[in-house]
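Q: Got query16.txt for you, compact mmCIF, C-alpha atoms:
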# COMPACT_ATOMS: atom_id res chain seq x y z
CA MET A 15 0.00 0.00 0.00
CA THR A 16 1.46 3.33 -1.00
CA GLU A 17 0.83 6.42 1.05
CA ASN A 18 -0.42 9.47 -0.82
CA THR A 19 1.74 12.48 -1.70
CA ALA A 20 4.79 10.76 -0.31
CA SER A 21 7.22 13.07 -2.04
CA ALA A 22 5.36 16.33 -1.43
CA PRO A 23 7.69 18.92 0.16
CA GLY A 24 4.86 20.67 2.01
CA LEU A 25 1.11 20.74 2.53
CA SER A 26 -1.04 21.64 -0.47
CA ARG A 27 -3.93 24.11 -0.30
CA GLN A 28 -6.44 21.23 -0.35
CA GLN A 29 -4.60 19.46 2.49
CA LEU A 30 -4.57 22.66 4.54
CA LYS A 31 -8.31 23.06 3.94
CA THR A 32 -8.91 19.46 5.03
CA LEU A 33 -6.89 19.94 8.22
CA THR A 34 -8.71 23.19 9.00
CA LEU A 35 -12.20 21.75 8.48
CA ALA A 36 -11.39 18.57 10.38
CA ALA A 37 -9.97 20.57 13.29
CA LEU A 38 -13.01 22.86 13.36
CA GLY A 39 -15.41 19.92 13.40
CA GLY A 40 -13.37 18.25 16.13
CA ALA A 41 -13.45 21.43 18.20
CA LEU A 42 -17.23 21.60 18.09
CA GLU A 43 -17.63 17.92 18.97
CA PHE A 44 -15.10 18.01 21.80
CA TYR A 45 -16.88 21.02 23.27
CA ASP A 46 -19.95 18.80 23.59
CA PHE A 47 -17.95 16.09 25.33
CA VAL A 48 -16.12 18.23 27.90
CA ILE A 49 -18.61 20.99 28.80
CA PHE A 50 -19.89 18.69 31.56
CA VAL A 51 -16.63 18.87 33.53
CA PHE A 52 -16.62 22.69 33.64
CA PHE A 53 -19.93 22.56 35.49
CA ALA A 54 -19.00 19.60 37.72
CA THR A 55 -19.72 21.47 40.96
CA THR A 56 -23.06 22.76 39.68
CA MET A 57 -24.08 19.40 38.23
CA GLY A 58 -23.24 17.70 41.52
CA ALA A 59 -25.46 20.12 43.44
CA LEU A 60 -28.34 19.63 41.00
CA PHE A 61 -28.26 15.89 40.38
CA PHE A 62 -27.49 14.48 43.84
CA PRO A 63 -29.12 14.91 47.28
CA ALA A 64 -28.33 18.20 48.99
CA ASP A 65 -27.15 16.50 52.20
CA THR A 66 -24.41 14.48 50.43
CA PRO A 67 -20.87 15.36 51.68
CA GLN A 68 -19.06 17.62 49.24
CA TRP A 69 -16.22 15.17 48.59
CA LEU A 70 -18.68 12.36 47.86
CA THR A 71 -20.73 14.57 45.52
CA LEU A 72 -17.53 15.38 43.64
CA VAL A 73 -16.61 11.69 43.38
CA GLN A 74 -20.11 10.81 42.12
CA THR A 75 -20.12 13.65 39.60
CA PHE A 76 -16.71 12.72 38.24
CA GLY A 77 -17.95 9.13 38.18
CA ILE A 78 -20.67 10.11 35.71
CA PHE A 79 -18.09 12.09 33.74
CA ALA A 80 -15.84 9.02 33.73
CA ALA A 81 -18.68 6.83 32.43
CA GLY A 82 -18.24 8.56 29.09
CA TYR A 83 -14.71 7.19 28.94
CA LEU A 84 -15.81 3.70 29.92
CA ALA A 85 -18.27 3.67 27.01
CA ARG A 86 -15.64 4.69 24.46
CA PRO A 87 -14.37 1.21 23.47
CA LEU A 88 -17.76 -0.03 22.27
CA GLY A 89 -18.47 2.99 20.10
CA GLY A 90 -14.87 3.20 18.96
CA VAL A 91 -14.56 -0.43 17.92
CA LEU A 92 -17.88 -0.43 16.04
CA MET A 93 -17.17 2.78 14.15
CA ALA A 94 -13.60 1.72 13.42
CA HIS A 95 -14.83 -1.59 12.01
CA PHE A 96 -17.03 0.15 9.48
CA GLY A 97 -14.43 2.87 8.95
CA ASP A 98 -11.94 0.25 7.76
CA LEU A 99 -14.49 -1.47 5.54
CA SER A 100 -16.81 1.24 4.20
CA GLY A 101 -14.94 4.52 4.54
CA ARG A 102 -13.38 6.96 7.00
CA LYS A 103 -15.65 9.89 6.12
CA ARG A 104 -18.94 8.09 6.88
CA MET A 105 -17.89 7.36 10.45
CA PHE A 106 -16.44 10.87 10.74
CA MET A 107 -19.97 12.17 10.06
CA LEU A 108 -21.79 9.65 12.25
CA SER A 109 -19.78 10.47 15.37
CA ILE A 110 -20.96 14.09 15.22
CA LEU A 111 -24.63 13.15 15.07
CA LEU A 112 -24.30 10.69 17.96
CA MET A 113 -22.71 13.43 20.07
CA ALA A 114 -25.07 16.33 19.34
CA VAL A 115 -28.31 14.61 20.36
CA PRO A 116 -27.41 13.57 23.95
CA THR A 117 -25.71 16.93 24.58
CA LEU A 118 -28.92 18.74 23.68
CA LEU A 119 -30.95 16.38 25.85
CA MET A 120 -28.64 17.02 28.83
CA GLY A 121 -29.65 20.67 28.69
CA LEU A 122 -33.30 19.65 28.97
CA LEU A 123 -33.00 17.13 31.83
CA PRO A 124 -35.03 17.52 35.03
CA THR A 125 -32.92 17.67 38.22
CA TYR A 126 -32.83 15.55 41.40
CA ALA A 127 -35.22 17.93 43.12
CA GLN A 128 -37.75 17.31 40.34
CA ILE A 129 -37.57 13.55 39.71
CA GLY A 130 -35.24 12.12 42.37
CA MET A 131 -32.78 9.34 41.54
CA ALA A 132 -34.02 9.15 37.95
CA ALA A 133 -32.15 12.41 37.28
CA PRO A 134 -28.57 11.13 37.81
CA LEU A 135 -29.48 7.88 36.06
CA LEU A 136 -30.67 9.73 32.95
CA LEU A 137 -27.58 11.92 33.09
CA LEU A 138 -25.45 8.78 33.25
CA LEU A 139 -27.24 7.28 30.23
CA LEU A 140 -26.67 10.39 28.12
CA ARG A 141 -23.04 10.54 29.20
CA ILE A 142 -22.58 6.93 28.05
CA MET A 143 -24.04 7.87 24.66
CA GLN A 144 -21.56 10.74 24.43
CA GLY A 145 -18.74 8.36 25.25
CA ALA A 146 -19.74 5.97 22.48
CA ALA A 147 -19.66 8.86 20.01
CA ILE A 148 -16.30 10.24 21.09
CA GLY A 149 -14.86 6.72 20.93
CA GLY A 150 -15.01 6.93 17.17
CA GLU A 151 -14.26 10.65 16.87
CA ALA A 152 -10.69 11.06 18.12
CA PRO A 153 -9.03 8.01 16.51
CA GLY A 154 -11.14 8.44 13.38
CA ALA A 155 -10.11 12.07 13.09
CA TRP A 156 -6.41 11.29 13.53
CA VAL A 157 -6.57 8.56 10.90
CA PHE A 158 -8.53 10.85 8.59
CA VAL A 159 -6.05 13.74 8.68
CA SER A 160 -2.96 11.51 8.64
CA GLU A 161 -4.17 9.83 5.45
CA HIS A 162 -4.66 13.16 3.72
CA VAL A 163 -0.94 14.01 4.03
CA SER A 164 2.33 12.15 3.47
CA PRO A 165 4.01 10.32 6.38
CA ARG A 166 6.57 13.15 6.39
CA HIS A 167 3.87 15.50 7.73
CA ARG A 168 1.96 13.06 9.93
CA ASN A 169 2.96 14.58 13.29
CA LEU A 170 2.04 18.09 12.14
CA ALA A 171 -1.31 16.84 10.80
CA CYS A 172 -2.13 15.09 14.07
CA GLY A 173 -0.95 18.16 15.96
CA ALA A 174 -3.30 20.35 13.93
CA LEU A 175 -6.20 18.03 14.69
CA SER A 176 -5.26 17.89 18.38
CA LEU A 177 -5.21 21.70 18.32
CA GLY A 178 -8.82 21.57 17.14
CA LEU A 179 -9.82 19.14 19.89
CA LEU A 180 -8.18 21.40 22.47
CA ALA A 181 -9.99 24.37 20.93
CA GLY A 182 -13.21 22.58 21.85
CA ILE A 183 -12.01 22.48 25.46
CA LEU A 184 -11.12 26.18 25.24
CA ILE A 185 -14.57 27.03 23.91
CA GLY A 186 -16.02 25.09 26.84
CA SER A 187 -13.86 27.03 29.28
CA LEU A 188 -14.82 30.38 27.74
CA VAL A 189 -18.52 29.50 27.69
CA ALA A 190 -18.28 28.41 31.34
CA ARG A 191 -16.64 31.72 32.26
CA ALA A 192 -19.28 33.68 30.35
CA VAL A 193 -22.16 31.81 31.99
CA ASN A 194 -20.64 32.18 35.45
CA ALA A 195 -20.12 35.90 34.87
CA ALA A 196 -23.60 36.47 33.48
CA PHE A 197 -25.58 34.70 36.22
CA ASP A 198 -25.45 34.65 39.99
CA ASP A 199 -25.45 31.34 41.84
CA ALA A 200 -29.23 31.20 42.15
CA GLN A 201 -29.78 31.83 38.44
CA LEU A 202 -27.08 29.35 37.49
CA LEU A 203 -28.69 26.60 39.58
CA ALA A 204 -32.18 27.49 38.40
CA TRP A 205 -31.63 27.45 34.63
CA GLY A 206 -28.35 29.07 33.57
CA TRP A 207 -26.48 25.75 33.60
CA ARG A 208 -28.69 24.49 30.75
CA ILE A 209 -27.43 27.05 28.21
CA PRO A 210 -24.00 25.48 27.51
CA PHE A 211 -25.56 22.09 26.76
CA ILE A 212 -28.25 23.47 24.46
CA VAL A 213 -25.60 25.54 22.67
CA GLY A 214 -23.58 22.33 22.37
CA GLY A 215 -26.40 20.66 20.46
CA VAL A 216 -26.35 23.52 17.97
CA PHE A 217 -22.54 23.23 17.75
CA GLY A 218 -22.97 19.57 16.85
CA LEU A 219 -25.22 20.39 13.92
CA LEU A 220 -22.73 23.01 12.73
CA ALA A 221 -19.93 20.43 12.88
CA LEU A 222 -22.04 18.02 10.83
CA HIS A 223 -22.43 20.69 8.15
CA VAL A 224 -18.68 21.42 8.20
CA ARG A 225 -17.75 17.80 7.65
CA ARG A 226 -20.02 17.41 4.64
CA GLN A 227 -17.42 19.44 2.73
CA LEU A 228 -14.64 16.89 3.38
CA HIS A 229 -13.59 14.15 0.96
CA GLU A 230 -12.74 10.52 1.60
CA THR A 231 -9.04 9.97 2.31
CA PRO A 232 -6.83 9.20 -0.71
CA VAL A 233 -5.42 6.18 1.14
CA PHE A 234 -8.83 4.56 1.64
CA ALA A 235 -10.00 5.49 -1.87
CA ASP A 236 -6.88 3.84 -3.29
CA MET A 237 -7.42 0.66 -1.26
CA GLN A 238 -11.05 0.57 -2.32
CA ALA A 239 -10.15 0.98 -6.00
CA ARG A 240 -7.57 -1.81 -5.78
CA ARG A 241 -9.93 -4.05 -3.74
CA ALA A 242 -7.29 -4.13 -1.01
CA LEU A 243 -9.63 -3.67 1.96
CA SER A 244 -9.40 -6.13 4.84
CA ALA A 245 -10.85 -9.53 3.88
CA GLU A 246 -11.56 -10.43 7.51
CA LEU A 247 -12.77 -8.76 10.68
CA PRO A 248 -10.27 -5.87 11.06
CA LEU A 249 -10.10 -6.19 14.85
CA LYS A 250 -9.27 -9.89 14.54
CA ALA A 251 -6.27 -9.04 12.39
CA VAL A 252 -5.20 -6.34 14.83
CA VAL A 253 -5.25 -8.66 17.86
CA ARG A 254 -3.59 -11.51 15.99
CA ASP A 255 -0.85 -9.65 14.12
CA HIS A 256 -0.21 -6.32 15.86
CA LEU A 257 -0.22 -6.84 19.64
CA GLY A 258 3.05 -4.94 20.02
CA ALA A 259 1.56 -1.89 18.33
CA VAL A 260 -1.56 -2.24 20.50
CA LEU A 261 0.52 -2.27 23.70
CA LEU A 262 2.53 0.77 22.61
CA GLY A 263 -0.68 2.59 21.67
CA MET A 264 -2.18 1.84 25.09
CA LEU A 265 0.85 3.14 26.98
CA LEU A 266 0.94 6.28 24.84
CA THR A 267 -2.77 6.80 25.48
CA TRP A 268 -2.21 6.48 29.23
CA LEU A 269 0.27 9.33 28.98
CA LEU A 270 -2.17 11.37 26.89
CA THR A 271 -4.97 10.92 29.44
CA ALA A 272 -2.76 12.18 32.24
CA ALA A 273 -1.78 15.29 30.30
CA VAL A 274 -5.29 16.18 29.14
CA VAL A 275 -7.58 14.93 31.91
CA VAL A 276 -5.54 16.16 34.87
CA THR A 277 -3.78 19.25 33.51
CA ILE A 278 -6.67 20.63 31.47
CA LEU A 279 -10.00 19.10 32.51
CA MET A 280 -9.75 18.51 36.25
CA MET A 281 -7.47 21.34 37.38
CA PRO A 282 -10.14 24.10 37.50
CA THR A 283 -12.06 22.02 40.04
CA PHE A 284 -8.90 21.14 41.99
CA LEU A 285 -7.85 24.80 42.05
CA GLN A 286 -11.20 25.85 43.46
CA GLY A 287 -10.67 23.27 46.20
CA MET A 288 -7.38 25.05 47.04
CA GLY A 289 -9.21 28.35 47.50
CA VAL A 290 -8.71 29.80 44.02
CA SER A 291 -11.79 31.64 42.77
CA ARG A 292 -13.80 30.03 39.99
CA ASP A 293 -13.10 32.95 37.64
CA ALA A 294 -9.34 32.86 38.27
CA ALA A 295 -9.23 29.08 37.83
CA LEU A 296 -11.09 29.24 34.51
CA ALA A 297 -8.95 32.17 33.32
CA GLY A 298 -5.80 30.16 33.97
CA ASN A 299 -7.36 27.16 32.29
CA ALA A 300 -8.06 29.20 29.15
CA LEU A 301 -4.42 30.30 29.02
CA ALA A 302 -3.26 26.72 29.54
CA VAL A 303 -5.41 25.46 26.67
CA LEU A 304 -4.17 28.24 24.37
CA ALA A 305 -0.59 27.28 25.23
CA ALA A 306 -1.37 23.63 24.56
CA MET A 307 -2.88 24.48 21.17
CA ALA A 308 0.20 26.43 20.07
CA ALA A 309 2.50 23.74 21.46
CA ASN A 310 0.75 21.05 19.40
CA LEU A 311 1.70 22.76 16.15
CA LEU A 312 5.25 23.45 17.33
CA ALA A 313 5.80 19.93 18.67
CA GLY A 314 4.27 18.35 15.56
CA ALA A 315 6.54 20.36 13.24
CA LEU A 316 9.62 19.55 15.35
CA ALA A 317 8.70 15.86 15.47
CA ASP A 318 8.46 15.70 11.67
CA ARG A 319 11.91 17.28 11.50
CA PHE A 320 13.83 15.61 14.35
CA GLY A 321 11.82 12.47 15.11
CA ALA A 322 8.70 11.88 17.16
CA GLY A 323 10.51 9.87 19.85
CA ARG A 324 13.01 12.58 20.71
CA VAL A 325 10.37 15.32 20.83
CA LEU A 326 8.00 13.15 22.89
CA ALA A 327 10.74 12.60 25.49
CA LEU A 328 11.44 16.35 25.63
CA TRP A 329 7.79 17.31 26.02
CA SER A 330 7.25 14.60 28.66
CA LEU A 331 10.09 16.11 30.71
CA LEU A 332 8.44 19.52 30.37
CA LEU A 333 5.15 18.03 31.59
CA GLY A 334 6.66 16.71 34.82
CA VAL A 335 8.75 19.79 35.66
CA ALA A 336 6.18 22.44 34.72
CA PHE A 337 3.23 20.73 36.41
CA TRP A 338 5.19 20.06 39.61
CA TRP A 339 6.22 23.73 39.81
CA PHE A 340 2.74 25.05 39.08
CA TYR A 341 0.92 22.68 41.45
CA ARG A 342 3.31 23.25 44.35
CA GLU A 343 2.83 27.01 44.04
CA ALA A 344 -0.96 26.67 43.91
CA GLN A 345 -0.92 24.50 47.05
CA ALA A 346 1.15 27.16 48.82
CA GLY A 347 -1.39 29.86 47.96
CA ALA A 348 0.72 31.40 45.17
CA TYR A 349 -1.42 30.38 42.19
CA SER A 350 -0.13 31.79 38.89
CA GLN A 351 -2.16 31.73 35.68
CA TRP A 352 1.06 32.02 33.65
CA HIS A 353 2.66 29.05 35.35
CA TYR A 354 -0.55 27.16 34.63
CA ALA A 355 -0.07 28.15 30.97
CA LEU A 356 3.46 26.73 31.02
CA ALA A 357 2.12 23.45 32.37
CA GLY A 358 -0.52 23.56 29.64
CA SER A 359 2.15 23.90 26.95
CA ALA A 360 3.39 20.43 27.94
CA VAL A 361 0.11 19.04 26.60
CA GLY A 362 1.71 19.62 23.19
CA LEU A 363 2.84 16.00 23.48
CA THR A 364 -0.61 15.08 22.14
CA ALA A 365 0.74 15.90 18.66
CA MET A 366 3.15 12.97 18.64
CA ILE A 367 1.12 10.35 20.49
CA PRO A 368 -1.49 9.56 17.79
CA ALA A 369 1.10 9.85 15.01
CA ILE A 370 3.36 7.29 16.71
CA ALA A 371 0.48 4.97 17.62
CA LEU A 372 -1.16 4.83 14.18
CA SER A 373 2.17 4.29 12.42
CA GLY A 374 2.26 0.78 13.92
CA PHE A 375 -0.77 -0.41 11.92
CA PRO A 376 -1.10 -1.00 8.15
CA ALA A 377 -3.74 1.08 6.37
CA ARG A 378 -6.27 -1.72 5.96
CA VAL A 379 -6.69 -2.07 9.76
CA ARG A 380 -5.34 1.33 10.86
CA PHE A 381 -8.63 2.73 12.14
CA SER A 382 -9.44 -0.45 14.09
CA GLY A 383 -5.92 -0.75 15.50
CA LEU A 384 -5.71 2.83 16.71
CA SER A 385 -9.29 2.88 17.97
CA PHE A 386 -8.94 -0.37 19.92
CA SER A 387 -5.67 0.54 21.65
CA TYR A 388 -6.66 4.16 22.25
CA ASN A 389 -10.20 3.57 23.51
CA VAL A 390 -9.51 0.59 25.75
CA ALA A 391 -6.63 2.45 27.40
CA TYR A 392 -8.65 5.66 27.66
CA ALA A 393 -11.58 3.77 29.21
CA ILE A 394 -9.30 2.40 31.92
CA ALA A 395 -6.92 5.31 32.53
CA GLY A 396 -9.23 8.18 31.58
CA GLY A 397 -12.23 6.61 33.28
CA LEU A 398 -10.54 5.77 36.57
CA THR A 399 -8.25 8.81 36.91
CA PRO A 400 -10.93 11.37 37.91
CA VAL A 401 -12.47 9.05 40.50
CA LEU A 402 -9.22 7.71 41.96
CA LEU A 403 -7.56 11.11 42.13
CA SER A 404 -10.63 12.61 43.81
CA LEU A 405 -10.53 9.82 46.41
CA ALA A 406 -6.75 10.07 46.85
CA MET A 407 -6.89 13.82 47.43
CA LYS A 408 -9.07 13.27 50.49
CA ASP A 409 -5.94 12.13 52.37
CA ASN A 410 -3.16 13.28 49.99
CA PRO A 411 -3.68 16.73 48.40
CA ALA A 412 -0.48 16.29 46.36
CA ALA A 413 -1.79 13.18 44.54
CA PRO A 414 -2.32 14.91 41.14
CA MET A 415 1.25 16.28 41.17
CA GLN A 416 2.73 12.89 42.05
CA TYR A 417 0.69 11.19 39.36
CA ILE A 418 1.77 13.63 36.64
CA VAL A 419 5.44 13.28 37.60
CA ALA A 420 5.12 9.49 37.29
CA MET A 421 3.48 9.87 33.88
CA SER A 422 6.28 12.20 32.85
CA ALA A 423 8.77 9.42 33.55
CA LEU A 424 6.66 7.02 31.47
CA GLY A 425 6.61 9.51 28.60
CA MET A 426 10.37 9.92 28.61
CA ALA A 427 10.81 6.15 28.57
CA LEU A 428 8.36 5.75 25.68
CA GLY A 429 10.03 8.58 23.78
CA GLY A 430 13.42 6.95 24.21
CA TYR A 431 12.09 3.62 23.00
CA VAL A 432 10.50 5.17 19.91
CA ALA A 433 13.65 7.18 19.13
CA VAL A 434 15.82 4.04 19.24
CA ARG A 435 13.33 2.16 17.07
CA GLN A 436 13.30 4.98 14.52
CA GLU A 437 17.10 5.18 14.41
CA ARG A 438 17.35 1.44 13.80
CA ALA A 439 14.81 1.76 11.01
CA GLY A 440 16.83 4.62 9.54
CA ALA A 441 13.76 6.90 9.33
CA PRO A 442 13.84 9.37 12.25
CA SER A 443 10.91 11.45 11.06
CA ALA A 444 8.60 8.78 9.72
CA ALA A 445 6.65 7.90 12.84
What would the structure in this file look like if it were written as structure tokens?
A:
Amino acid sequence: MTENTASAPGLSRQQLKTLTLAALGGALEFYDFVIFVFFATTMGALFFPADTPQWLTLVQTFGIFAAGYLARPLGGVLMAHFGDLSGRKRMFMLSILLMAVPTLLMGLLPTYAQIGMAAPLLLLLLRIMQGAAIGGEAPGAWVFVSEHVSPRHRNLACGALSLGLLAGILIGSLVARAVNAAFDDAQLLAWGWRIPFIVGGVFGLLALHVRRQLHETPVFADMQARRALSAELPLKAVVRDHLGAVLLGMLLTWLLTAAVVVTILMMPTFLQGMGVSRDAALAGNALAVLAAMAANLLAGALADRFGAGRVLALWSLLLGVAFWWFYREAQAGAYSQWHYALAGSAVGLTAMIPAIALSGFPARVRFSGLSFSYNVAYAIAGGLTPVLLSLAMKDNPAAPMQYIVAMSALGMALGGYVAVRQERAGAPSAA
């Protein structure tokens, strides 16, 4: 199987358009998936009994948030199966539709005070539906953009897409700030919290329209024309022939979850628990996401030039050092939004992770291979991290910092392994 535009010195106008539209669609869909976490405190107050201890409410709320991660493998494997057999674009469209509907319904849900225990159960069901949708979105998007460019530009392409996904988180943060500024606590609890979810449903429809303008990937179209699609169940071939690539993809995903879930998604809530105001926490979060977006492009470009393994090791070191410094200061009452931004820039490692992981699978099972390794690992690590960290912080407030430092060490080890593998293959920038 030959990759498209293998000798192209740079990205064409059509490739740039594809990356831009894919990133925009990903931003709108990821907004839908993460807006829940920015209103975790409010959702906990509305969907659980008022006499529940605050720490337990937080654990239960993050538990519902985590359910979305636990549902990812099922949606991801099913969409990847059809993505490998019938086309990347079709599944790219379907994931948007499956995300928009439950997000809109969340904004219309009755609360615990209105219908009792049925409220958190319905919220859980909708969160599971969101998880199934996002299970196909992220790996499908990375495969989609990587197959529209040559392997020489794969890290930059994945970095551009990751920038879009982070933009969705930024939009969520900005919307949360706007809603919190526009309404007092009583208004927010009464009805203001519904606005971000209803807006998210509209965002989903916009993303669906955006993706209609995209074309099937040249790689899949070529395989289809040559009748070179997988002749068996793609996942069967992945498990039988590519277990090493699956294991590497899972470890890389574990690192990615730590960087994104802890540094970006959970920190506003943790900061508020340290006495930082909600507005200051969200302002720092917005800066951190902006830094992560810029770092994804920079890291992706550097990885294409110097090798993904080397750059991953460097960015993993930055993650451990910057997060440790920022978190220690916040604990000591010296919270700095700019130091939070520096920690956020370490999330630029998300440019290399999908590019390295998908390079281990041949095109005919690439979607299934990446989706399986990514979603199973994200279900375990991403699903358990919010709950376990919330529990650990009850007795050990430094637990998030210690966890990120450990993940930094894992990232440096993985980066070193990939760098050695690339050097032996004689292709330092191909991963």
Q: So, with all atoms listed in the file as the atoms that count, which of A:Ala80, A:Leu177, A:Leu270, A:Ala132 lies closest to Ile367 of chain A?
A: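 Nearest to Ile367 of chain A: A:Leu270.
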Q: Check the smallest atom-to-atom distance from each of A:Leu228, A:Ala433, A:Ala114, A:Leu405 to Gly215 of chain A using only C-alpha atoms, then report the winner.
A: A:Ala114
Q: Can you work out the spacing between atom CA of Ala81 of chain A and atom CA of Leu111 of chain A in Å, to one decimal?
A: 19.4 Å
Q: Find the residues of segment 87-186 of chain A that sit at most 12 Å from segment 43-54 of chain A; for each, write down the nearest two atoms and how far apart they are in Å, to one decimal. Count only C-alpha atoms. Sort by chain, then by number going up, and give it as JSON lines.
A:
{"residue": "A:Phe106", "atom": "CA", "partner": "A:Glu43", "partner_atom": "CA", "distance": 10.9}
{"residue": "A:Met107", "atom": "CA", "partner": "A:Glu43", "partner_atom": "CA", "distance": 10.9}
{"residue": "A:Leu108", "atom": "CA", "partner": "A:Glu43", "partner_atom": "CA", "distance": 11.4}
{"residue": "A:Ser109", "atom": "CA", "partner": "A:Glu43", "partner_atom": "CA", "distance": 8.5}
{"residue": "A:Ile110", "atom": "CA", "partner": "A:Glu43", "partner_atom": "CA", "distance": 6.3}
{"residue": "A:Leu111", "atom": "CA", "partner": "A:Glu43", "partner_atom": "CA", "distance": 9.3}
{"residue": "A:Leu112", "atom": "CA", "partner": "A:Glu43", "partner_atom": "CA", "distance": 9.9}
{"residue": "A:Met113", "atom": "CA", "partner": "A:Glu43", "partner_atom": "CA", "distance": 6.9}
{"residue": "A:Ala114", "atom": "CA", "partner": "A:Asp46", "partner_atom": "CA", "distance": 7.1}
{"residue": "A:Val115", "atom": "CA", "partner": "A:Asp46", "partner_atom": "CA", "distance": 9.9}
{"residue": "A:Pro116", "atom": "CA", "partner": "A:Asp46", "partner_atom": "CA", "distance": 9.1}
{"residue": "A:Thr117", "atom": "CA", "partner": "A:Asp46", "partner_atom": "CA", "distance": 6.1}
{"residue": "A:Leu118", "atom": "CA", "partner": "A:Asp46", "partner_atom": "CA", "distance": 9.0}
{"residue": "A:Leu119", "atom": "CA", "partner": "A:Asp46", "partner_atom": "CA", "distance": 11.5}
{"residue": "A:Met120", "atom": "CA", "partner": "A:Phe50", "partner_atom": "CA", "distance": 9.3}
{"residue": "A:Gly121", "atom": "CA", "partner": "A:Phe50", "partner_atom": "CA", "distance": 10.4}
{"residue": "A:Leu137", "atom": "CA", "partner": "A:Phe50", "partner_atom": "CA", "distance": 10.4}
{"residue": "A:Leu138", "atom": "CA", "partner": "A:Phe50", "partner_atom": "CA", "distance": 11.5}
{"residue": "A:Leu140", "atom": "CA", "partner": "A:Phe47", "partner_atom": "CA", "distance": 10.8}
{"residue": "A:Arg141", "atom": "CA", "partner": "A:Phe47", "partner_atom": "CA", "distance": 8.5}
{"residue": "A:Ile142", "atom": "CA", "partner": "A:Phe47", "partner_atom": "CA", "distance": 10.6}
{"residue": "A:Met143", "atom": "CA", "partner": "A:Phe47", "partner_atom": "CA", "distance": 10.3}
{"residue": "A:Gln144", "atom": "CA", "partner": "A:Phe47", "partner_atom": "CA", "distance": 6.5}
{"residue": "A:Gly145", "atom": "CA", "partner": "A:Phe47", "partner_atom": "CA", "distance": 7.8}
{"residue": "A:Ala146", "atom": "CA", "partner": "A:Phe47", "partner_atom": "CA", "distance": 10.7}
{"residue": "A:Ala147", "atom": "CA", "partner": "A:Phe47", "partner_atom": "CA", "distance": 9.1}
{"residue": "A:Ile148", "atom": "CA", "partner": "A:Phe47", "partner_atom": "CA", "distance": 7.4}
{"residue": "A:Gly149", "atom": "CA", "partner": "A:Phe47", "partner_atom": "CA", "distance": 10.8}
{"residue": "A:Gly150", "atom": "CA", "partner": "A:Glu43", "partner_atom": "CA", "distance": 11.4}
{"residue": "A:Glu151", "atom": "CA", "partner": "A:Glu43", "partner_atom": "CA", "distance": 8.3}
{"residue": "A:Ala152", "atom": "CA", "partner": "A:Phe44", "partner_atom": "CA", "distance": 9.0}
{"residue": "A:Ala155", "atom": "CA", "partner": "A:Glu43", "partner_atom": "CA", "distance": 11.2}
{"residue": "A:Leu175", "atom": "CA", "partner": "A:Phe44", "partner_atom": "CA", "distance": 11.4}
{"residue": "A:Ser176", "atom": "CA", "partner": "A:Phe44", "partner_atom": "CA", "distance": 10.4}
{"residue": "A:Leu177", "atom": "CA", "partner": "A:Phe44", "partner_atom": "CA", "distance": 11.1}
{"residue": "A:Gly178", "atom": "CA", "partner": "A:Phe44", "partner_atom": "CA", "distance": 8.6}
{"residue": "A:Leu179", "atom": "CA", "partner": "A:Phe44", "partner_atom": "CA", "distance": 5.7}
{"residue": "A:Leu180", "atom": "CA", "partner": "A:Phe44", "partner_atom": "CA", "distance": 7.7}
{"residue": "A:Ala181", "atom": "CA", "partner": "A:Tyr45", "partner_atom": "CA", "distance": 8.0}
{"residue": "A:Gly182", "atom": "CA", "partner": "A:Tyr45", "partner_atom": "CA", "distance": 4.2}
{"residue": "A:Ile183", "atom": "CA", "partner": "A:Tyr45", "partner_atom": "CA", "distance": 5.5}
{"residue": "A:Leu184", "atom": "CA", "partner": "A:Tyr45", "partner_atom": "CA", "distance": 8.0}
{"residue": "A:Ile185", "atom": "CA", "partner": "A:Tyr45", "partner_atom": "CA", "distance": 6.5}
{"residue": "A:Gly186", "atom": "CA", "partner": "A:Ile49", "partner_atom": "CA", "distance": 5.2}
Q: Would you kindly return, as a list in words, each protein, DNA or RNA residue with an atom no farther than 12 Å from any atom of Lys408 of chain A, considering all atoms listed in the file and excluding same-chain residues fewer than 3 positions away?
A: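 Everything that qualifies: Gln68, Trp69, Leu70, Leu72, Val73, Phe284, Gly287, Val401, Leu402, Leu403, Ser404, Leu405, Pro411, Ala412, Ala413 and Pro414 of chain A.
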Q: Between A:Val159, A:His256, A:Arg168, A:Leu311, which residue has the minimum interatomic distance to Gly362 of chain A, considering only C-alpha atoms?
A: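 For Gly362 of chain A, the nearest of the given residues is A:Leu311.
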Q: Taking into account all atoms listed in the file, which residue in the set A:His229, A:His223, A:His167, A:Lys31 is nearest to Ala369 of chain A?
A: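 Among the listed residues, the smallest separation from Ala369 of chain A belongs to A:His167.
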Q: So which one's closest to Met288 of chain A, A:Leu262, A:Ala239, A:Ala344, A:Val335? Using only C-alpha atoms, please.
A: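 The answer is A:Ala344, which sits nearest to Met288 of chain A.
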Q: Counting all atoms listed in the file, which residues come within 6 Å of (-12.2, 16.9, 6.6), with the point read in the file's coordinates, and could you list them as number ranges by chain?
A: A: 32, 35-36, 225, 228
Q: What is the atom CA of Ala336 of chain A to atom CA of Ala300 of chain A distance in Å?
A: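 For atom CA of Ala336 of chain A relative to atom CA of Ala300 of chain A, the distance reads 16.7 Å.
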Q: Tell me, in Å to one decimal, how far atom CA of Val252 of chain A is from atom CA of Arg380 of chain A.
A: 8.6 Å
Q: Name all residues at most 8 Å from Leu38 of chain A (count all atoms listed in the file; drop same-chain ones fewer than 4 positions away) and give them as number ranges by chain.
A: A: 34, 42, 178, 221, 224
